[in-house]
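Structure file coords.txt (compact mmCIF, C-alpha atoms) is printed below.
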```txt
# COMPACT_ATOMS: atom_id res chain seq x y z
CA MET A 1 99.03 74.37 149.11
CA LEU A 2 100.55 74.33 145.63
CA ARG A 3 103.36 72.04 146.73
CA GLU A 4 100.85 69.59 148.25
CA ALA A 5 98.72 69.65 145.11
CA ALA A 6 101.69 69.09 142.81
CA ALA A 7 102.97 66.20 144.92
CA ALA A 8 99.53 64.56 144.91
CA CYS A 9 99.22 64.94 141.15
CA GLU A 10 102.67 63.47 140.50
CA ARG A 11 101.81 60.43 142.63
CA ARG A 12 98.78 59.83 140.41
CA LEU A 13 100.66 60.31 137.16
CA GLU A 14 103.33 57.82 138.19
CA ILE A 15 100.67 55.11 138.57
CA LEU A 16 97.82 56.11 136.27
CA SER A 17 99.20 58.03 133.28
CA GLY A 18 99.26 54.88 131.15
CA VAL A 19 95.91 53.69 132.47
CA SER A 20 93.50 56.59 132.06
CA ASP A 21 93.21 60.32 131.40
CA ALA A 22 90.45 60.47 134.03
CA PHE A 23 91.36 60.30 137.71
CA ARG A 24 91.06 62.18 140.99
CA CYS A 25 93.93 64.68 141.19
CA ILE A 26 93.15 65.81 144.74
CA HIS A 27 91.07 63.75 147.17
CA ARG A 28 88.98 65.21 149.97
CA GLY A 29 91.25 65.83 152.95
CA GLU A 30 94.47 65.82 150.92
CA LEU A 31 94.98 69.61 150.91
CA GLN A 32 95.42 71.03 154.39
CA GLY A 33 92.52 73.31 155.27
CA ARG A 34 90.84 72.93 151.86
CA PRO A 35 87.74 70.68 151.95
CA LEU A 36 87.60 69.89 148.24
CA ALA A 37 88.18 67.28 145.56
CA ILE A 38 89.52 67.83 142.04
CA ASP A 39 88.78 65.31 139.30
CA ARG A 40 90.42 65.26 135.90
CA PHE A 41 88.39 64.19 132.87
CA GLY A 42 90.74 64.46 129.92
CA ALA A 43 91.37 68.15 129.27
CA TRP A 44 88.76 69.26 131.83
CA LEU A 45 88.60 69.55 135.60
CA CYS A 46 85.70 69.17 137.99
CA VAL A 47 86.29 70.88 141.34
CA THR A 48 83.91 70.01 144.18
CA GLY A 49 83.92 72.08 147.36
CA PHE A 50 82.49 70.63 150.57
CA ASP A 51 82.04 73.91 152.48
CA GLU A 52 78.54 75.21 151.80
CA ASN A 53 79.48 78.57 153.30
CA LEU A 54 82.19 79.15 150.71
CA PRO A 55 80.83 80.33 147.33
CA SER A 56 82.33 78.62 144.30
CA LYS A 57 83.77 81.90 143.03
CA GLN A 58 85.72 82.39 146.27
CA LEU A 59 86.87 78.78 146.13
CA GLN A 60 88.13 79.37 142.60
CA GLU A 61 90.10 82.43 143.70
CA SER A 62 91.61 80.62 146.67
CA ILE A 63 92.94 77.74 144.54
CA SER A 64 93.87 79.68 141.40
CA PRO A 65 97.57 78.64 141.66
CA VAL A 66 96.49 75.00 141.75
CA LEU A 67 94.25 75.40 138.72
CA GLU A 68 97.07 77.10 136.84
CA TYR A 69 99.39 74.23 137.76
CA PHE A 70 96.93 71.68 136.34
CA HIS A 71 96.59 73.80 133.22
CA GLU A 72 100.35 73.74 132.65
CA ARG A 73 101.08 70.19 133.86
CA LEU A 74 98.07 68.33 132.44
CA GLY A 75 96.94 70.66 129.67
CA CYS A 76 93.57 71.21 131.34
CA GLN A 77 91.66 73.91 129.47
CA GLY A 78 88.90 74.63 131.96
CA GLY A 79 86.00 72.97 133.72
CA ILE A 80 83.50 73.54 136.49
CA ILE A 81 83.56 74.40 140.18
CA ARG A 82 80.61 73.37 142.34
CA THR A 83 79.47 72.97 145.95
CA HIS A 84 78.43 69.63 147.40
CA GLN A 85 75.31 69.99 149.51
CA GLN A 86 75.27 68.26 152.87
CA ASP A 87 71.63 67.19 152.70
CA PRO A 88 70.93 66.42 149.06
CA HIS A 89 67.84 64.30 149.83
CA ARG A 90 65.55 67.30 149.58
CA ARG A 91 67.74 69.29 147.20
CA THR A 92 70.07 68.70 144.31
CA LEU A 93 73.38 67.06 145.12
CA PHE A 94 75.46 69.98 143.77
CA ALA A 95 74.79 73.72 143.72
CA ASP A 96 76.51 77.03 142.86
CA VAL A 97 78.04 75.57 139.69
CA ILE A 98 80.34 77.95 137.81
CA SER A 99 82.74 77.55 134.89
CA TRP A 100 86.40 78.49 134.78
CA GLY A 101 88.64 78.67 131.73
CA LYS A 102 87.12 77.38 128.54
CA LYS A 103 83.70 75.77 128.69
CA ALA A 104 83.79 72.00 128.35
CA PRO A 105 81.87 70.40 125.47
CA GLU A 106 78.38 69.20 126.30
CA ARG A 107 79.61 65.63 125.88
CA PHE A 108 83.08 64.20 125.37
CA PHE A 109 84.93 60.91 125.92
CA VAL A 110 87.75 59.93 128.25
CA ARG A 111 90.05 56.92 128.09
CA GLU A 112 90.34 54.05 130.55
CA TYR A 113 92.69 51.31 129.41
CA ASP A 114 91.56 50.56 125.84
CA LEU A 115 87.99 51.79 126.29
CA GLN A 116 86.28 55.18 126.07
CA PHE A 117 83.50 56.53 128.25
CA GLU A 118 81.22 59.52 127.82
CA VAL A 119 81.45 62.39 130.27
CA ALA A 120 79.16 65.42 130.67
CA LEU A 121 80.16 68.16 133.11
CA ASN A 122 77.92 71.09 132.21
CA GLY A 123 74.54 70.94 133.93
CA SER A 124 74.92 67.31 134.96
CA GLN A 125 74.75 66.07 138.54
CA HIS A 126 77.11 63.20 137.74
CA ALA A 127 79.90 63.26 135.18
CA GLY A 128 79.03 59.80 133.87
CA LEU A 129 82.06 57.79 135.00
CA PHE A 130 82.67 56.93 138.65
CA LEU A 131 86.43 57.22 139.04
CA ASP A 132 86.45 55.33 142.34
CA GLN A 133 85.36 52.13 140.56
CA ARG A 134 88.20 52.00 138.01
CA ASP A 135 89.92 49.05 139.71
CA SER A 136 86.59 47.26 140.17
CA ARG A 137 85.84 47.60 136.46
CA ARG A 138 89.22 46.04 135.71
CA LYS A 139 88.43 43.14 138.05
CA ILE A 140 85.03 42.64 136.40
CA ALA A 141 86.68 42.59 132.96
CA ARG A 142 88.97 39.75 134.06
CA MET A 143 86.00 37.65 135.24
CA SER A 144 83.44 38.27 132.49
CA ARG A 145 84.40 36.05 129.54
CA GLY A 146 81.62 33.60 128.76
CA ARG A 147 79.52 34.68 131.75
CA ARG A 148 76.00 35.98 132.14
CA VAL A 149 76.35 39.44 133.69
CA ALA A 150 73.73 41.71 135.27
CA ASN A 151 74.66 45.33 136.04
CA LEU A 152 72.12 46.76 138.49
CA PHE A 153 71.67 50.51 139.00
CA ALA A 154 73.72 50.58 135.82
CA PHE A 155 73.76 54.38 135.34
CA SER A 156 75.96 54.99 132.26
CA CYS A 157 76.72 51.25 132.00
CA ALA A 158 80.50 51.48 132.41
CA PHE A 159 80.61 48.07 134.11
CA SER A 160 78.51 46.69 131.25
CA VAL A 161 80.92 48.04 128.65
CA VAL A 162 83.95 46.37 130.24
CA ALA A 163 82.09 43.07 130.65
CA ALA A 164 80.87 43.06 127.04
CA GLN A 165 84.27 44.02 125.69
CA ALA A 166 85.84 41.19 127.73
CA GLY A 167 83.59 38.61 126.06
CA ALA A 168 80.62 38.15 128.40
CA GLU A 169 77.88 35.91 127.01
CA VAL A 170 75.29 38.62 127.71
CA VAL A 171 75.18 41.79 129.81
CA PHE A 172 71.93 43.19 131.19
CA SER A 173 72.03 46.86 132.26
CA VAL A 174 69.10 47.61 134.58
CA ASP A 175 68.23 51.17 135.60
CA LEU A 176 65.04 53.17 136.07
CA ALA A 177 66.49 56.26 134.37
CA ALA A 178 66.02 56.24 130.59
CA GLY A 179 68.61 58.98 130.16
CA ALA A 180 71.25 56.90 131.95
CA LEU A 181 70.60 53.94 129.67
CA GLU A 182 70.87 56.18 126.61
CA ARG A 183 74.29 57.20 127.87
CA GLY A 184 75.09 53.52 128.20
CA LYS A 185 74.07 52.84 124.61
CA ARG A 186 76.36 55.64 123.43
CA ASN A 187 79.20 54.09 125.43
CA PHE A 188 78.55 50.75 123.74
CA ALA A 189 78.53 52.43 120.33
CA GLN A 190 81.72 54.40 121.01
CA ASN A 191 83.54 51.16 121.80
CA GLY A 192 82.19 49.22 118.82
CA LEU A 193 80.02 46.92 120.94
CA THR A 194 76.54 47.69 119.61
CA GLY A 195 76.68 45.09 116.87
CA THR A 196 77.69 42.26 119.20
CA GLY A 197 74.16 41.88 120.52
CA ARG A 198 75.52 41.12 123.98
CA GLY A 199 74.23 44.33 125.58
CA LYS A 200 70.62 44.46 126.82
CA PHE A 201 69.23 47.67 128.32
CA ILE A 202 66.33 47.31 130.76
CA LYS A 203 64.43 50.37 132.00
CA GLU A 204 62.98 49.06 135.24
CA ASN A 205 63.10 49.41 139.00
CA VAL A 206 66.00 47.18 140.07
CA GLN A 207 64.14 45.72 143.04
CA LYS A 208 61.20 44.77 140.82
CA TRP A 209 63.55 43.24 138.24
CA LEU A 210 65.21 41.15 140.94
CA SER A 211 61.85 40.03 142.33
CA ARG A 212 60.79 38.98 138.84
CA GLN A 213 63.99 36.97 138.40
CA VAL A 214 63.41 35.23 141.74
CA ARG A 215 59.82 34.36 140.73
CA LYS A 216 61.05 32.92 137.42
CA LYS A 217 63.45 30.67 139.28
CA SER A 218 60.73 29.61 141.74
CA VAL A 219 58.20 28.78 139.01
CA SER A 220 60.60 26.89 136.76
CA PRO A 221 63.97 26.10 138.39
CA ALA A 222 65.04 23.78 135.59
CA SER A 223 64.67 26.39 132.85
CA PHE A 224 65.91 29.39 134.84
CA LYS A 225 69.21 30.76 133.56
CA ALA A 226 71.23 31.79 136.58
CA TRP A 227 73.49 34.82 136.58
CA ASP A 228 77.22 34.29 136.92
CA LEU A 229 78.24 37.84 137.77
CA VAL A 230 76.08 40.60 139.28
CA ILE A 231 77.19 44.18 139.92
CA CYS A 232 75.12 46.19 142.41
CA ASP A 233 76.14 49.84 142.86
CA PRO A 234 73.03 51.59 144.23
CA PRO A 235 72.67 55.27 145.13
CA VAL A 236 72.71 56.17 148.81
CA PHE A 237 69.32 57.79 148.40
CA SER A 238 67.02 58.54 145.50
CA SER A 239 63.48 59.74 145.00
CA SER A 240 61.25 59.07 142.04
CA GLY A 241 58.29 61.25 143.00
CA LYS A 242 55.04 59.34 143.45
CA LYS A 243 56.88 56.04 142.99
CA GLY A 244 58.54 56.54 146.37
CA SER A 245 62.09 56.81 147.59
CA PHE A 246 65.08 54.50 147.85
CA SER A 247 67.51 54.19 150.76
CA VAL A 248 70.54 51.93 150.36
CA GLU A 249 70.63 51.26 154.10
CA LYS A 250 67.06 49.95 154.12
CA ALA A 251 67.32 48.13 150.80
CA TRP A 252 70.71 46.45 151.38
CA PRO A 253 69.50 43.15 152.99
CA GLY A 254 66.81 42.64 150.35
CA LEU A 255 69.23 43.33 147.52
CA ALA A 256 71.71 40.85 148.97
CA ASP A 257 68.97 38.22 149.40
CA ARG A 258 67.66 38.41 145.86
CA ILE A 259 71.06 38.67 144.19
CA ARG A 260 72.29 35.60 146.07
CA GLU A 261 69.13 33.75 144.99
CA ILE A 262 69.67 34.31 141.26
CA LEU A 263 73.41 33.61 141.15
CA SER A 264 74.85 30.40 139.75
CA ASN A 265 76.61 27.90 142.01
CA ASP A 266 79.97 29.56 141.38
CA GLY A 267 78.52 33.04 141.01
CA ILE A 268 80.13 36.31 142.08
CA ALA A 269 78.57 39.60 143.16
CA LEU A 270 80.20 43.01 143.40
CA PHE A 271 78.45 45.30 145.88
CA CYS A 272 79.35 49.01 146.19
CA ASN A 273 77.99 51.98 148.09
CA ASN A 274 79.07 55.52 148.99
CA HIS A 275 77.20 55.81 152.28
CA ARG A 276 79.96 57.63 154.16
CA ASN A 277 78.08 57.73 157.46
CA GLY A 278 76.85 54.15 157.21
CA SER A 279 78.03 51.31 159.42
CA GLU A 280 80.78 49.14 157.96
CA ALA A 281 79.78 46.35 160.36
CA TYR A 282 76.18 46.47 159.13
CA TYR A 283 76.91 46.47 155.40
CA ARG A 284 79.52 43.73 155.64
CA SER A 285 77.60 41.47 158.04
CA GLU A 286 74.50 41.51 155.84
CA LEU A 287 76.62 40.19 152.99
CA GLU A 288 78.43 37.64 155.16
CA LYS A 289 75.05 36.15 156.14
CA ARG A 290 74.46 35.25 152.50
CA PHE A 291 77.86 34.63 150.88
CA SER A 292 80.62 32.18 151.78
CA SER A 293 83.35 34.72 151.04
CA VAL A 294 83.20 38.52 151.36
CA THR A 295 86.27 40.64 150.64
CA ARG A 296 86.41 44.42 151.05
CA LEU A 297 88.36 45.73 148.07
CA PRO A 298 90.92 48.51 148.66
CA GLN A 299 90.27 52.01 147.40
CA PRO A 300 92.14 53.01 144.25
CA PRO A 301 95.36 55.03 144.67
CA ASP A 302 93.75 58.35 143.75
CA PHE A 303 91.23 57.96 146.61
CA PRO A 304 93.56 57.54 149.61
CA GLU A 305 92.15 56.82 153.05
CA PHE A 306 93.20 59.05 155.92
CA THR A 307 93.23 58.18 159.62
CA GLY A 308 90.00 59.26 161.24
CA SER A 309 88.23 60.09 157.96
CA LEU A 310 85.03 58.46 156.77
CA PRO A 311 85.35 55.95 153.91
CA HIS A 312 84.70 57.37 150.47
CA VAL A 313 83.35 54.10 149.04
CA ARG A 314 82.79 50.54 150.18
CA THR A 315 83.29 47.82 147.59
CA TYR A 316 82.75 44.14 148.39
CA TRP A 317 83.68 41.11 146.29
CA CYS A 318 81.27 38.31 147.25
CA GLU A 319 81.47 34.66 146.24
CA VAL A 320 78.68 32.11 146.60
```

Will you turn the file into structure tokens for me?
Amino acid sequence: MLREAAAACERRLEILSGVSDAFRCIHRGELQGRPLAIDRFGAWLCVTGFDENLPSKQLQESISPVLEYFHERLGCQGGIIRTHQQDPHRRTLFADVISWGKKAPERFFVREYDLQFEVALNGSQHAGLFLDQRDSRRKIARMSRGRRVANLFAFSCAFSVVAAQAGAEVVFSVDLAAGALERGKRNFAQNGLTGTGRGKFIKENVQKWLSRQVRKKSVSPASFKAWDLVICDPPVFSSSGKKGSFSVEKAWPGLADRIREILSNDGIALFCNNHRNGSEAYYRSELEKRFSSVTRLPQPPDFPEFTGSLPHVRTYWCEV
């Protein structure tokens, strides 16, 4: 086990050490007989176990040599160990969260290229930076200069930060969660982008925002300002109480329709989802019905794909 973990870590360091201090050290399925993933966020680790019958404390004991290796090799001081729940729709996504080593700060920043992003491990369902979209953020940065960008389901607005830093004309971050947008504002501030005026933070249901944009175009096509670049990275499932629930599988065709409608003639859309059990044929075909070019982007090197395993993430680059 330790030899496998060390080899996996060294493969990452060879490629990513100059890129970021946040990456997946061990991907699910990479350690024989250990259904887990280990993510590095600077000096802190986040260990996620996928066996609900194995308490986090027992998982910690079983991988203690690996944790010690990361402490010595990467200088990791501590972190959290948690269990991923198989049916999070009626429960929280993670449970049985324990700390090991030193307790991580409530909030801290990690580096990705020349930018910094806020991370929160303690008591947070999501750390704040999706490591599997690192390469996509880089691609968005290369395409953003002078463009009107909309980041939908923006969460902590990492895509928005890279677009603004790359010189986008304007970047709208749309999300229903006020706390997520506050995180996004802190990310803008940390990277010296607040004063540019290019970042706009919209607390609204994404589907309603898209419908409003489509209506604006319908009412006054001549004055409607089309979007040049749209990022759409929705959750697989979410519930907002009395306001109803969201399912990416059900919403996918409508999202694709409306995003295509508001794009400029040479517009680009980036679609992502983590629906592991979803149909690749379905998600891709719905995009191909609406876009002239659809390319499935490869997973980053720290999220390797294994024969027979379900995909961790699907990311599609779509051109009008």

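With only C-alpha atoms taken into account, the protein and nucleic acid residues at most 7 Å from region 213-222 of chain A (excluding it and anything under 3 positions from it in its own chain) are Trp209, Leu210, Arg258, Glu261 and Ile262 of chain A.
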
#### Entry: For Val19 (chain A), the nearest of the candidates A:Ser223, A:Gln116, A:Asn122, A:Thr48, counting all atoms listed in the file
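Closest residue, counting all atoms listed in the file: A:Gln116.
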
### Query
Do you have the CA of Ser264 (chain A)-CA of Ala163 (chain A) distance handy?
17.2 Å

Who sits within 8 Å of Leu270 (chain A), only C-alpha atoms, same chain under 2 positions skipped, as a CSV table (one decimal) with C-alpha atoms, in the frame of the given file:
```
chain,number,residue,atom,x,y,z
A,229,LEU,CA,78.2,37.8,137.8
A,230,VAL,CA,76.1,40.6,139.3
A,231,ILE,CA,77.2,44.2,139.9
A,232,CYS,CA,75.1,46.2,142.4
A,233,ASP,CA,76.1,49.8,142.9
A,268,ILE,CA,80.1,36.3,142.1
A,272,CYS,CA,79.4,49.0,146.2
A,315,THR,CA,83.3,47.8,147.6
A,316,TYR,CA,82.8,44.1,148.4
A,317,TRP,CA,83.7,41.1,146.3
A,318,CYS,CA,81.3,38.3,147.2
```

### Message
Could you list, as a VMD selection string, every residue within 10 Å of Ala189 (chain A), counting only C-alpha atoms and ignoring same-chain residues fewer than 6 positions away?
### Response
chain A and resid 161 183 195

### Message
If I take CA of Glu112 (chain A) and CA of Phe201 (chain A), how far is one from the other in Å, to one decimal?
### Response
22.2 Å

### Message
as a list in words, please: the residues near Val313 (chain A) (cut-off 7 Å, only C-alpha atoms, same-chain neighbours under 2 positions excluded).
### Response
Asn273, Asn274, Pro311 and Thr315 of chain A

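Between CA of Leu16 (chain A) and CA of Val119 (chain A) there is a distance of 18.5 Å.
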
### Task
Considering only C-alpha atoms, return as a PyMOL selection string whatever protein or nucleic-acid residues lie within 10 Å of region 203-206 of chain A, sequence-local ones (same chain, fewer than 5 positions apart) excluded.
chain A and resi 151-154+173-181+211-212+232+234+243+255

### Distance query 10 Å from (85.5, 66.3, 151.4) using all atoms listed in the file, result as a count of residues only
16

### Task
Name the residues, using the chain letters and numbers of the file, that sit within 10 Å of (83.0, 31.0, 139.0) when counting all atoms listed in the file, and give them as a PyMOL selection string.
chain A and resi 143-144+147+228-229+264-268+319-320

Grab the residues selected above and save them as a tab-separated table (two decimals), in the coordinates of the input with C-alpha atoms.
```
chain	number	residue	atom	x	y	z
A	143	MET	CA	86.00	37.65	135.24
A	144	SER	CA	83.44	38.27	132.49
A	147	ARG	CA	79.52	34.68	131.75
A	228	ASP	CA	77.22	34.29	136.92
A	229	LEU	CA	78.24	37.84	137.77
A	264	SER	CA	74.85	30.40	139.75
A	265	ASN	CA	76.61	27.90	142.01
A	266	ASP	CA	79.97	29.56	141.38
A	267	GLY	CA	78.52	33.04	141.01
A	268	ILE	CA	80.13	36.31	142.08
A	319	GLU	CA	81.47	34.66	146.24
A	320	VAL	CA	78.68	32.11	146.60
```

### Summary
One residue among A:Phe23, A:Phe303, A:Phe109, A:Phe271 is nearest to Gln190 (chain A) when using only C-alpha atoms, and that residue is A:Phe109

Per residue of region 20-94 of chain A within 10 Å of region 127-132 of chain A, record the nearest atom pair and its distance in Å to one decimal, counting only C-alpha atoms, with rows in chain order and ascending residue number, as a tab-separated table.
```
residue	atom	partner	partner_atom	distance
A:Ser20	CA	A:Leu131	CA	10.0
A:Ala22	CA	A:Leu131	CA	7.2
A:Phe23	CA	A:Leu131	CA	6.0
A:Arg24	CA	A:Leu131	CA	7.1
A:Asp39	CA	A:Leu131	CA	8.4
A:Arg40	CA	A:Leu131	CA	9.5
A:Phe41	CA	A:Ala127	CA	8.8
A:Cys46	CA	A:Ala127	CA	8.7
```

May I ask you to restore N, CA, C and O atoms in region 183-194 of chain A and write the result as a short mmCIF file (atom, residue, chain, number, x, y, z; two decimals), in the coordinates of the input?
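Contents of the output file rebuild-v4.cif:
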```cif
data_model
loop_
_atom_site.label_atom_id
_atom_site.label_comp_id
_atom_site.auth_asym_id
_atom_site.auth_seq_id
_atom_site.Cartn_x
_atom_site.Cartn_y
_atom_site.Cartn_z
N ARG A 183 72.84 56.99 127.73
CA ARG A 183 74.29 57.20 127.87
C ARG A 183 75.02 55.87 127.69
O ARG A 183 76.06 55.79 127.04
N GLY A 184 74.48 54.83 128.31
CA GLY A 184 75.09 53.52 128.20
C GLY A 184 75.15 53.02 126.76
O GLY A 184 76.16 52.45 126.33
N LYS A 185 74.09 53.25 126.02
CA LYS A 185 74.07 52.84 124.61
C LYS A 185 75.12 53.59 123.81
O LYS A 185 75.77 53.02 122.92
N ARG A 186 75.31 54.88 124.13
CA ARG A 186 76.36 55.64 123.43
C ARG A 186 77.75 55.11 123.79
O ARG A 186 78.65 55.07 122.94
N ASN A 187 77.92 54.69 125.04
CA ASN A 187 79.20 54.09 125.43
C ASN A 187 79.45 52.78 124.68
O ASN A 187 80.57 52.50 124.26
N PHE A 188 78.42 51.99 124.51
CA PHE A 188 78.55 50.75 123.74
C PHE A 188 78.94 51.08 122.30
O PHE A 188 79.84 50.46 121.72
N ALA A 189 78.26 52.07 121.72
CA ALA A 189 78.53 52.43 120.33
C ALA A 189 79.95 52.97 120.16
O ALA A 189 80.64 52.62 119.19
N GLN A 190 80.39 53.81 121.09
CA GLN A 190 81.72 54.40 121.01
C GLN A 190 82.82 53.34 121.01
O GLN A 190 83.89 53.52 120.40
N ASN A 191 82.54 52.22 121.67
CA ASN A 191 83.54 51.16 121.80
C ASN A 191 83.29 50.00 120.84
O ASN A 191 83.87 48.92 121.00
N GLY A 192 82.43 50.22 119.84
CA GLY A 192 82.19 49.22 118.82
C GLY A 192 81.50 47.97 119.31
O GLY A 192 81.70 46.88 118.75
N LEU A 193 80.65 48.09 120.33
CA LEU A 193 80.02 46.92 120.94
C LEU A 193 78.55 46.77 120.59
O LEU A 193 77.94 45.75 120.92
N THR A 194 77.98 47.74 119.90
CA THR A 194 76.54 47.69 119.61
C THR A 194 76.18 46.47 118.77
O THR A 194 75.19 45.78 119.02
#
```
